[in-house]
>>> print(open('protein07.cif').read())   # mmCIF, C-alpha atoms
data_input
#
loop_
_atom_site.label_atom_id
_atom_site.label_comp_id
_atom_site.auth_asym_id
_atom_site.auth_seq_id
_atom_site.Cartn_x
_atom_site.Cartn_y
_atom_site.Cartn_z
CA MET O 80 0.20 -3.95 1.52
CA ALA O 81 3.61 -5.59 1.24
CA THR O 82 3.79 -9.34 1.66
CA THR O 83 5.84 -9.80 4.80
CA GLU O 84 5.42 -13.40 5.94
CA VAL O 85 5.69 -12.04 9.45
CA GLY O 86 3.37 -14.52 11.10
CA THR O 87 2.07 -13.50 14.52
CA ASP O 88 2.66 -10.14 16.16
CA LEU O 89 4.48 -11.98 18.95
CA ASP O 90 6.92 -13.48 16.44
CA ALA O 91 7.70 -10.04 15.03
CA ARG O 92 8.22 -8.56 18.51
CA ASN O 93 10.61 -11.36 19.41
CA ASP O 94 12.51 -11.25 16.12
CA ALA O 95 12.49 -7.95 14.26
CA SER O 96 14.18 -9.59 11.28
CA LEU O 97 10.78 -11.07 10.41
CA LEU O 98 9.66 -7.54 9.58
CA VAL O 99 12.41 -7.25 6.95
CA ARG O 100 10.36 -9.25 4.49
CA GLY O 101 8.76 -8.12 1.27
CA VAL O 102 9.82 -4.62 0.28
CA SER O 103 12.20 -2.83 2.67
CA PRO O 104 13.09 0.51 1.04
CA VAL O 105 16.36 2.37 1.56
CA LEU O 106 15.51 5.98 2.39
CA GLU O 107 16.86 8.85 0.30
CA VAL O 108 18.11 12.13 1.76
CA PRO O 109 16.79 15.31 0.14
CA PHE O 110 19.02 18.39 0.07
CA THR O 111 18.10 21.98 -0.59
CA ALA O 112 19.22 23.62 -3.84
CA ASP O 113 22.17 24.99 -1.84
CA GLY O 114 23.22 21.51 -0.70
CA ASP O 115 21.99 21.63 2.90
CA VAL O 116 20.07 18.71 4.38
CA ASP O 117 16.32 19.18 3.95
CA HIS O 118 15.15 17.84 7.30
CA GLU O 119 11.47 18.52 6.63
CA GLY O 120 11.80 16.80 3.27
CA PHE O 121 13.37 13.75 4.91
CA ASP O 122 10.54 13.63 7.44
CA ARG O 123 8.09 13.56 4.52
CA VAL O 124 10.10 10.75 2.91
CA VAL O 125 9.87 8.68 6.09
CA ARG O 126 6.15 9.29 6.50
CA PHE O 127 5.45 8.54 2.84
CA VAL O 128 7.40 5.27 2.76
CA LEU O 129 5.83 4.03 5.99
CA SER O 130 2.38 4.85 4.58
CA THR O 131 2.85 2.39 1.68
CA GLY O 132 2.40 -0.68 3.88
CA VAL O 133 6.02 -1.80 4.12
CA THR O 134 7.09 -3.26 7.44
CA SER O 135 10.70 -2.04 7.48
CA VAL O 136 12.95 0.68 6.10
CA MET O 137 16.73 1.01 5.98
CA PHE O 138 18.90 4.09 6.55
CA PRO O 139 21.49 5.23 5.64
CA GLY O 140 22.56 3.25 2.58
CA PHE O 141 24.15 4.03 -0.74
CA ALA O 142 20.76 5.37 -1.86
CA SER O 143 20.90 7.75 1.13
CA GLU O 144 24.31 9.13 0.05
CA PHE O 145 25.64 8.07 3.45
CA HIS O 146 29.16 8.79 2.23
CA LYS O 147 28.26 12.48 1.80
CA LEU O 148 26.75 13.11 5.23
CA SER O 149 28.52 14.66 8.19
CA GLU O 150 28.37 12.86 11.51
CA ASP O 151 25.91 15.41 12.91
CA GLU O 152 23.70 15.18 9.83
CA ARG O 153 23.66 11.43 10.00
CA GLN O 154 22.63 11.47 13.66
CA GLU O 155 19.92 14.09 13.08
CA LEU O 156 18.40 12.16 10.20
CA THR O 157 18.57 8.87 12.10
CA GLU O 158 16.67 10.48 14.96
CA ILE O 159 13.97 11.71 12.58
CA LEU O 160 13.50 8.15 11.33
CA LEU O 161 13.52 6.59 14.78
CA SER O 162 10.98 9.14 16.03
CA HIS O 163 8.52 7.47 13.63
CA THR O 164 9.43 3.84 14.40
CA ARG O 165 10.55 3.77 18.02
CA GLY O 166 8.29 1.59 20.12
CA ARG O 167 6.20 0.36 17.19
CA GLY O 168 5.71 -3.37 16.81
CA ASP O 169 4.50 -3.27 13.21
CA VAL O 170 7.53 -1.70 11.53
CA ALA O 171 11.28 -2.04 11.94
CA ALA O 172 14.03 0.55 11.47
CA VAL O 173 17.18 -1.00 10.02
CA ILE O 174 20.08 1.33 10.83
CA ALA O 175 23.20 0.90 8.73
CA VAL O 176 26.80 0.84 9.91
CA GLN O 177 29.61 1.36 7.39
CA ASP O 178 32.59 2.31 9.57
CA HIS O 179 35.89 0.83 8.41
CA ALA O 180 37.37 0.53 11.90
CA THR O 181 35.96 -2.40 13.85
CA GLN O 182 35.93 -0.49 17.12
CA LEU O 183 33.99 2.38 15.57
CA ALA O 184 31.55 0.05 13.80
CA ALA O 185 30.77 -1.80 17.03
CA ARG O 186 30.31 1.46 18.91
CA ARG O 187 28.03 2.96 16.25
CA ALA O 188 25.93 -0.21 16.17
CA GLN O 189 25.52 -0.15 19.96
CA GLN O 190 24.56 3.52 19.89
CA ALA O 191 21.96 2.90 17.19
CA VAL O 192 20.41 0.07 19.19
CA ALA O 193 20.33 2.26 22.30
CA ALA O 194 18.57 4.97 20.28
CA GLY O 195 15.85 2.59 19.11
CA ALA O 196 17.12 0.72 16.05
CA ASP O 197 15.40 -2.62 15.57
CA LEU O 198 18.15 -4.14 13.41
CA ILE O 199 21.64 -3.21 12.29
CA ASN O 200 22.71 -3.39 8.64
CA LEU O 201 26.46 -3.95 8.46
CA LEU O 202 28.56 -3.15 5.40
CA PRO O 203 31.93 -4.87 5.97
CA PRO O 204 35.11 -2.79 5.60
CA HIS O 205 36.57 -2.54 2.13
CA PHE O 206 39.18 0.23 2.00
CA LEU O 207 42.71 -1.02 1.22
CA SER O 208 41.55 -4.60 0.59
CA PRO O 209 41.25 -6.07 4.10
CA SER O 210 41.95 -9.79 4.40
CA ARG O 211 39.24 -12.43 4.64
CA ASP O 212 40.17 -13.09 8.27
CA SER O 213 39.91 -9.41 9.19
CA LEU O 214 36.56 -9.12 7.46
CA ALA O 215 35.24 -12.07 9.44
CA ALA O 216 36.64 -10.66 12.69
CA HIS O 217 34.95 -7.32 11.98
CA VAL O 218 31.56 -8.93 11.39
CA ARG O 219 31.87 -11.13 14.47
CA ALA O 220 32.82 -8.17 16.67
CA VAL O 221 29.77 -6.14 15.64
CA LEU O 222 27.47 -9.14 16.06
CA GLN O 223 28.81 -9.72 19.54
CA ALA O 224 28.54 -6.04 20.45
CA ILE O 225 24.80 -5.88 19.75
CA ALA O 226 23.69 -9.44 20.62
CA PRO O 227 20.91 -10.52 20.64
CA VAL O 228 19.71 -7.68 18.37
CA PRO O 229 19.47 -9.02 14.79
CA LEU O 230 21.90 -7.97 12.09
CA VAL O 231 21.65 -7.82 8.30
CA LEU O 232 25.00 -8.33 6.58
CA GLN O 233 25.28 -6.38 3.34
CA TYR O 234 27.25 -8.01 0.53
CA ALA O 235 27.81 -5.46 -2.24
CA PRO O 236 30.88 -6.61 -4.19
CA ALA O 237 30.39 -4.22 -7.12
CA GLU O 238 30.53 -1.20 -4.80
CA THR O 239 33.15 -2.51 -2.37
CA GLY O 240 35.20 -5.25 -4.02
CA THR O 241 34.69 -7.34 -0.89
CA SER O 242 34.51 -11.11 -1.36
CA LEU O 243 32.34 -13.22 0.93
CA ASP O 244 30.96 -16.71 0.43
CA ALA O 245 28.23 -18.93 1.85
CA ASP O 246 30.60 -21.13 3.86
CA LEU O 247 32.07 -18.17 5.72
CA LEU O 248 28.65 -16.63 6.33
CA ARG O 249 27.28 -19.92 7.68
CA ALA O 250 30.27 -20.30 9.99
CA ILE O 251 29.67 -16.82 11.39
CA ALA O 252 25.93 -17.44 11.75
CA THR O 253 26.60 -20.66 13.64
CA GLU O 254 28.67 -18.74 16.21
CA HIS O 255 26.43 -15.65 16.22
CA PRO O 256 22.76 -16.51 15.67
CA ASN O 257 21.84 -12.82 15.56
CA LEU O 258 23.19 -12.82 11.98
CA ARG O 259 19.65 -13.18 10.68
CA LEU O 260 19.76 -11.96 7.09
CA VAL O 261 22.19 -11.32 4.25
CA LYS O 262 21.53 -8.55 1.76
CA VAL O 263 22.87 -10.01 -1.49
CA GLU O 264 23.88 -7.47 -4.14
CA SER O 265 26.18 -9.63 -6.21
CA SER O 266 25.39 -9.89 -9.90
CA PRO O 267 23.49 -12.11 -10.27
CA PRO O 268 22.33 -12.52 -6.66
CA GLY O 269 20.34 -15.72 -7.17
CA PRO O 270 23.04 -18.37 -6.81
CA LEU O 271 24.27 -17.06 -3.44
CA ILE O 272 20.70 -16.59 -2.21
CA ALA O 273 19.94 -20.21 -3.04
CA GLU O 274 23.17 -21.46 -1.48
CA LEU O 275 22.50 -19.58 1.75
CA ALA O 276 18.96 -20.94 1.91
CA ALA O 277 20.02 -24.54 1.29
CA GLY O 278 22.83 -24.76 3.84
CA SER O 279 22.88 -25.37 7.57
CA PRO O 280 22.18 -23.09 9.21
CA SER O 281 19.88 -21.72 6.56
CA ILE O 282 20.32 -17.95 6.23
CA PRO O 283 17.48 -15.96 4.67
CA ALA O 284 18.50 -13.36 2.12
CA VAL O 285 17.09 -10.12 0.79
CA GLU O 286 17.97 -8.82 -2.65
CA GLY O 287 19.20 -5.31 -3.39
CA TYR O 288 20.69 -3.64 -6.46
CA ALA O 289 17.39 -1.89 -7.32
CA GLY O 290 15.64 -5.22 -7.86
CA VAL O 291 17.17 -5.75 -11.29
CA GLN O 292 17.13 -9.53 -10.76
CA LEU O 293 14.11 -9.64 -8.46
CA PRO O 294 12.02 -12.43 -10.09
CA ASP O 295 15.00 -14.79 -10.19
CA ALA O 296 15.91 -13.90 -6.61
CA VAL O 297 12.39 -14.73 -5.42
CA ARG O 298 12.42 -18.06 -7.24
CA ARG O 299 15.69 -18.90 -5.50
CA GLY O 300 14.37 -18.10 -2.04
CA ALA O 301 14.81 -14.37 -1.38
CA VAL O 302 12.51 -13.25 1.43
CA GLY O 303 12.64 -9.56 0.57
CA THR O 304 14.06 -6.76 -1.53
CA GLN O 305 15.70 -3.46 -0.56
CA PRO O 306 15.44 -0.98 -3.42
CA GLY O 307 15.48 2.80 -3.24
CA CYS O 308 12.29 4.44 -2.04
CA SER O 309 11.01 6.68 -4.85
CA LEU O 310 9.22 3.77 -6.57
CA THR O 311 8.11 1.96 -3.42
CA GLU O 312 4.54 1.33 -4.60
CA VAL O 313 5.72 -0.33 -7.82
CA TYR O 314 8.04 -2.68 -5.94
CA VAL O 315 5.29 -3.49 -3.44
CA GLU O 316 2.99 -4.49 -6.28
CA ILE O 317 5.68 -6.56 -8.02
CA TRP O 318 6.40 -8.36 -4.75
CA ARG O 319 2.70 -8.91 -4.05
CA ARG O 320 2.25 -10.55 -7.43
CA LEU O 321 5.44 -12.62 -7.35
CA THR O 322 4.71 -14.08 -3.92
CA GLY O 323 0.90 -14.02 -3.98
CA GLY O 324 0.11 -16.49 -6.73
CA ASP O 325 0.46 -14.21 -9.75
CA GLU O 326 4.05 -14.82 -10.78
CA GLU O 327 3.30 -14.08 -14.42
CA GLY O 328 1.82 -10.71 -13.49
CA GLY O 329 4.80 -9.93 -11.29
CA VAL O 330 7.25 -10.82 -14.02
CA ASP O 331 5.31 -8.69 -16.49
CA LEU O 332 5.32 -5.64 -14.23
CA HIS O 333 9.01 -6.15 -13.47
CA ARG O 334 9.71 -6.44 -17.20
CA ARG O 335 8.16 -3.01 -17.72
CA LEU O 336 10.34 -1.52 -14.97
CA LEU O 337 13.55 -3.25 -16.03
CA PRO O 338 14.62 -0.92 -18.90
CA TYR O 339 14.64 1.97 -16.45
CA ILE O 340 16.37 0.40 -13.46
CA SER O 341 18.90 -1.55 -15.53
CA TYR O 342 20.02 1.71 -17.14
CA TRP O 343 20.12 3.66 -13.89
CA MET O 344 22.05 0.90 -12.12
CA LEU O 345 24.94 1.28 -14.56
CA ASP O 346 26.41 3.25 -11.66
CA THR O 347 25.23 4.16 -8.19
CA GLU O 348 25.33 7.94 -8.58
CA ARG O 349 23.13 7.67 -11.67
CA ILE O 350 20.29 5.88 -9.90
CA ILE O 351 20.54 8.20 -6.88
CA ALA O 352 20.04 11.18 -9.20
CA ALA O 353 17.19 9.49 -11.07
CA GLU O 354 15.32 8.51 -7.92
CA LYS O 355 15.63 12.00 -6.48
CA LEU O 356 14.22 13.50 -9.65
CA ILE O 357 11.32 11.03 -9.48
CA SER O 358 10.57 12.13 -5.91
CA VAL O 359 10.69 15.80 -6.89
CA ARG O 360 8.38 15.16 -9.84
CA ARG O 361 6.00 13.39 -7.42
CA GLY O 362 6.01 16.40 -5.09
CA LEU O 363 7.72 14.69 -2.17
CA PHE O 364 10.39 17.37 -1.74
CA ALA O 365 11.59 20.43 -3.63
CA SER O 366 15.12 19.83 -4.93
CA ALA O 367 16.79 16.93 -6.76
CA TYR O 368 20.22 18.20 -5.69
CA CYS O 369 22.88 15.55 -5.07
CA ARG O 370 26.06 16.50 -3.27
CA GLU O 371 29.17 16.44 -5.40
CA PRO O 372 30.64 14.34 -6.81
CA ALA O 373 27.34 13.44 -8.42
CA HIS O 374 25.71 12.36 -11.64
CA HIS O 375 23.92 15.13 -13.55
CA PRO O 376 21.10 13.74 -15.72
CA ASP O 377 21.13 14.94 -19.30
CA GLN O 378 17.95 15.83 -21.17
CA GLU O 379 17.32 12.30 -22.40
CA GLU O 380 17.71 10.91 -18.88
CA ILE O 381 15.24 13.52 -17.62
CA ARG O 382 12.79 12.48 -20.35
CA MET O 383 13.29 8.87 -19.24
CA VAL O 384 12.13 9.79 -15.73
CA ASP O 385 9.07 11.51 -17.15
CA ARG O 386 8.27 8.49 -19.34
CA LEU O 387 8.44 6.22 -16.31
CA LEU O 388 6.08 8.45 -14.35
CA THR O 389 3.62 8.40 -17.23
CA GLU O 390 3.86 4.65 -17.72
CA PHE O 391 3.46 3.85 -14.01
CA ALA O 392 1.01 6.67 -13.17
CA ASP O 393 -1.49 4.16 -11.74
CA PHE O 394 1.02 3.18 -9.05
CA LEU O 395 2.84 6.48 -8.48
CA PRO O 396 0.41 9.28 -7.60
CA TYR O 397 1.46 12.86 -7.13
CA LEU O 398 2.24 13.40 -3.44
CA GLY O 399 2.46 17.18 -3.19
#
>>> encode(input="protein07.cif", output="structure tokens")
Amino acid sequence: MATTEVGTDLDARNDASLLVRGVSPVLEVPFTADGDVDHEGFDRVVRFVLSTGVTSVMFPGFASEFHKLSEDERQELTEILLSHTRGRGDVAAVIAVQDHATQLAARRAQQAVAAGADLINLLPPHFLSPSRDSLAAHVRAVLQAIAPVPLVLQYAPAETGTSLDADLLRAIATEHPNLRLVKVESSPPGPLIAELAAGSPSIPAVEGYAGVQLPDAVRRGAVGTQPGCSLTEVYVEIWRRLTGGDEEGGVDLHRRLLPYISYWMLDTERIIAAEKLISVRRGLFASAYCREPAHHPDQEEIRMVDRLLTEFADFLPYLG
């Protein structure tokens, strides 16, 4: 089971952000070999990830290829996820909003909440280099639109070029207490995680970026991690060790994983392709197809996936 630090069931019902602790995977979207959405495959992904003991999942993120989904596809997949989480008190669905226009972002967030989302993950706008003031206004508008529903603010400067800092985030959180978490994907994430935790108000942070810096992030106060979902059981075990009194064991297991994830995280399309191939090898769905533009693993990268599955066979059973 993932370490969640949720406390009582009543606490979790009153504040769904408490469920976004420990490992909170970002769900992948399987496609058929012809490039169509594999809805049955996605349903299996949802059921598999929820069966691992995590208490939250996020969709759609970069790992979900959100930027390659039509509006109808996105809504259909969101409904599949929410059909598994709606009304449950033990697991939270974090639905992501990436719209550039503030009006559209606020509307999508409200619609997701109405459909059953427990939290909103907000990626601030980044096209055409919006100003700091417009970024802050965008975040405030979405927070206000869904209040008091909690929001996770995603800070991914490598992917977006957006610049945020702890002072700005604390100012927003003071005005809008439903800003409950920040997903920190800067490199390294630790300094910002620590700064957010030490300030007033203190803002908990989760770490992303495939968990490349996970041990350091935990030492600096991260309350969770949001990797992709194909290796969920490995991340759950690393988190259990790091936070359960076996830091040395957690660091050792992470050290074994690091050569793989550090290579795949050289670019986002590369790790998407690798994780899909892992899921196919595990029997979760049939095709590792990624919509173009995409990364196409060469033979050595395919062998790397197979080496990982051999090395971590004790944690990653065949699911077919």
>>> closest_residue(input="protein07.cif", among="O:Pro227, O:Gly240, O:Pro204, O:Pro338", to="O:Arg386", atoms="only C-alpha atoms")
O:Pro338
>>> closest_residue(input="protein07.cif", among="O:Phe141, O:Trp343, O:Tyr234, O:Tyr397", to="O:Gly362", atoms="all atoms listed in the file")
O:Tyr397
>>> atom_distance(input="protein07.cif", atom1="atom CA of O:Leu310", atom2="atom CA of O:Asp113")
25.3 Å
>>> residues_around(input="protein07.cif", residues="O:Val297", least_positions_apart="6", cutoff="9 Å", atoms="all atoms listed in the file", output="mmCIF file with C-alpha atoms, in the coordinates of the input")
data_model
loop_
_atom_site.group_PDB
_atom_site.id
_atom_site.type_symbol
_atom_site.label_atom_id
_atom_site.label_comp_id
_atom_site.auth_asym_id
_atom_site.auth_seq_id
_atom_site.Cartn_x
_atom_site.Cartn_y
_atom_site.Cartn_z
ATOM 1 C CA GLY O 269 20.340 -15.720 -7.170
ATOM 2 C CA GLU O 286 17.970 -8.820 -2.650
ATOM 3 C CA GLY O 303 12.640 -9.560 0.570
ATOM 4 C CA TRP O 318 6.400 -8.360 -4.750
ATOM 5 C CA LEU O 321 5.440 -12.620 -7.350
ATOM 6 C CA THR O 322 4.710 -14.080 -3.920
#
>>> residues_near_point(input="protein07.cif", point="(34.8, 1.8, 13.6)", cutoff="12 Å", atoms="all atoms listed in the file", output="MDAnalysis selection string")
chainID O and resid 176:189 201:204 217:218 220:221
>>> write_last_selection(input="protein07.cif", atoms="C-alpha atoms", output="PDB file, in the frame of the given file")
ATOM      1  CA  VAL O 176      26.800   0.840   9.910  1.00  0.00           C
ATOM      2  CA  GLN O 177      29.610   1.360   7.390  1.00  0.00           C
ATOM      3  CA  ASP O 178      32.590   2.310   9.570  1.00  0.00           C
ATOM      4  CA  HIS O 179      35.890   0.830   8.410  1.00  0.00           C
ATOM      5  CA  ALA O 180      37.370   0.530  11.900  1.00  0.00           C
ATOM      6  CA  THR O 181      35.960  -2.400  13.850  1.00  0.00           C
ATOM      7  CA  GLN O 182      35.930  -0.490  17.120  1.00  0.00           C
ATOM      8  CA  LEU O 183      33.990   2.380  15.570  1.00  0.00           C
ATOM      9  CA  ALA O 184      31.550   0.050  13.800  1.00  0.00           C
ATOM     10  CA  ALA O 185      30.770  -1.800  17.030  1.00  0.00           C
ATOM     11  CA  ARG O 186      30.310   1.460  18.910  1.00  0.00           C
ATOM     12  CA  ARG O 187      28.030   2.960  16.250  1.00  0.00           C
ATOM     13  CA  ALA O 188      25.930  -0.210  16.170  1.00  0.00           C
ATOM     14  CA  GLN O 189      25.520  -0.150  19.960  1.00  0.00           C
ATOM     15  CA  LEU O 201      26.460  -3.950   8.460  1.00  0.00           C
ATOM     16  CA  LEU O 202      28.560  -3.150   5.400  1.00  0.00           C
ATOM     17  CA  PRO O 203      31.930  -4.870   5.970  1.00  0.00           C
ATOM     18  CA  PRO O 204      35.110  -2.790   5.600  1.00  0.00           C
ATOM     19  CA  HIS O 217      34.950  -7.320  11.980  1.00  0.00           C
ATOM     20  CA  VAL O 218      31.560  -8.930  11.390  1.00  0.00           C
ATOM     21  CA  ALA O 220      32.820  -8.170  16.670  1.00  0.00           C
ATOM     22  CA  VAL O 221      29.770  -6.140  15.640  1.00  0.00           C
TER      23      VAL O 221
END
>>> residues_around(input="protein07.cif", residues="O:His375", least_positions_apart="2", cutoff="9 Å", atoms="all atoms listed in the file", output="ChimeraX atom specification")
/O:348-349,352,369,373,377
>>> resolve_selection(input="protein07.cif", expression="the PyMOL selection byres ((chain O and resi 313) around 9)", output="PyMOL selection string")
chain O and resi 310-312+314-318+332-333+336+391+394-395
>>> resolve_selection(input="protein07.cif", expression="the PyMOL selection byres ((chain O and resi 277-281) around 12)", output="ChimeraX atom specification")
/O:244-256,258-261,270-276,282-284,299-301
>>> write_last_selection(input="protein07.cif", atoms="C-alpha atoms", output="short mmCIF file (atom, residue, chain, number, x, y, z; two decimals), in the frame of the given file")
data_model
loop_
_atom_site.label_atom_id
_atom_site.label_comp_id
_atom_site.auth_asym_id
_atom_site.auth_seq_id
_atom_site.Cartn_x
_atom_site.Cartn_y
_atom_site.Cartn_z
CA ASP O 244 30.96 -16.71 0.43
CA ALA O 245 28.23 -18.93 1.85
CA ASP O 246 30.60 -21.13 3.86
CA LEU O 247 32.07 -18.17 5.72
CA LEU O 248 28.65 -16.63 6.33
CA ARG O 249 27.28 -19.92 7.68
CA ALA O 250 30.27 -20.30 9.99
CA ILE O 251 29.67 -16.82 11.39
CA ALA O 252 25.93 -17.44 11.75
CA THR O 253 26.60 -20.66 13.64
CA GLU O 254 28.67 -18.74 16.21
CA HIS O 255 26.43 -15.65 16.22
CA PRO O 256 22.76 -16.51 15.67
CA LEU O 258 23.19 -12.82 11.98
CA ARG O 259 19.65 -13.18 10.68
CA LEU O 260 19.76 -11.96 7.09
CA VAL O 261 22.19 -11.32 4.25
CA PRO O 270 23.04 -18.37 -6.81
CA LEU O 271 24.27 -17.06 -3.44
CA ILE O 272 20.70 -16.59 -2.21
CA ALA O 273 19.94 -20.21 -3.04
CA GLU O 274 23.17 -21.46 -1.48
CA LEU O 275 22.50 -19.58 1.75
CA ALA O 276 18.96 -20.94 1.91
CA ILE O 282 20.32 -17.95 6.23
CA PRO O 283 17.48 -15.96 4.67
CA ALA O 284 18.50 -13.36 2.12
CA ARG O 299 15.69 -18.90 -5.50
CA GLY O 300 14.37 -18.10 -2.04
CA ALA O 301 14.81 -14.37 -1.38
#
>>> axis_aligned_box(input="protein07.cif", around="stretch 261-272 of chain O", padding_each_side="4 Å", output="AutoDock Vina command-line options")
--center_x 23.3 --center_y -12.9 --center_z -3.0 --size_x 13.8 --size_y 18.9 --size_z 22.5
>>> residues_around(input="protein07.cif", residues="stretch 119-125 of chain O", least_positions_apart="2", cutoff="6 Å", atoms="all atoms listed in the file", output="ChimeraX atom specification")
/O:108,117,127-128,364
>>> resolve_selection(input="protein07.cif", expression="the PyMOL selection byres ((chain O and resi 102) around 7)", output="ChimeraX atom specification")
/O:81,100-101,103-104,133,303-305,314-315
>>> closest_residue(input="protein07.cif", among="O:Ile381, O:Leu98, O:Ala353, O:Leu106", to="O:Gly132", atoms="all atoms listed in the file")
O:Leu98
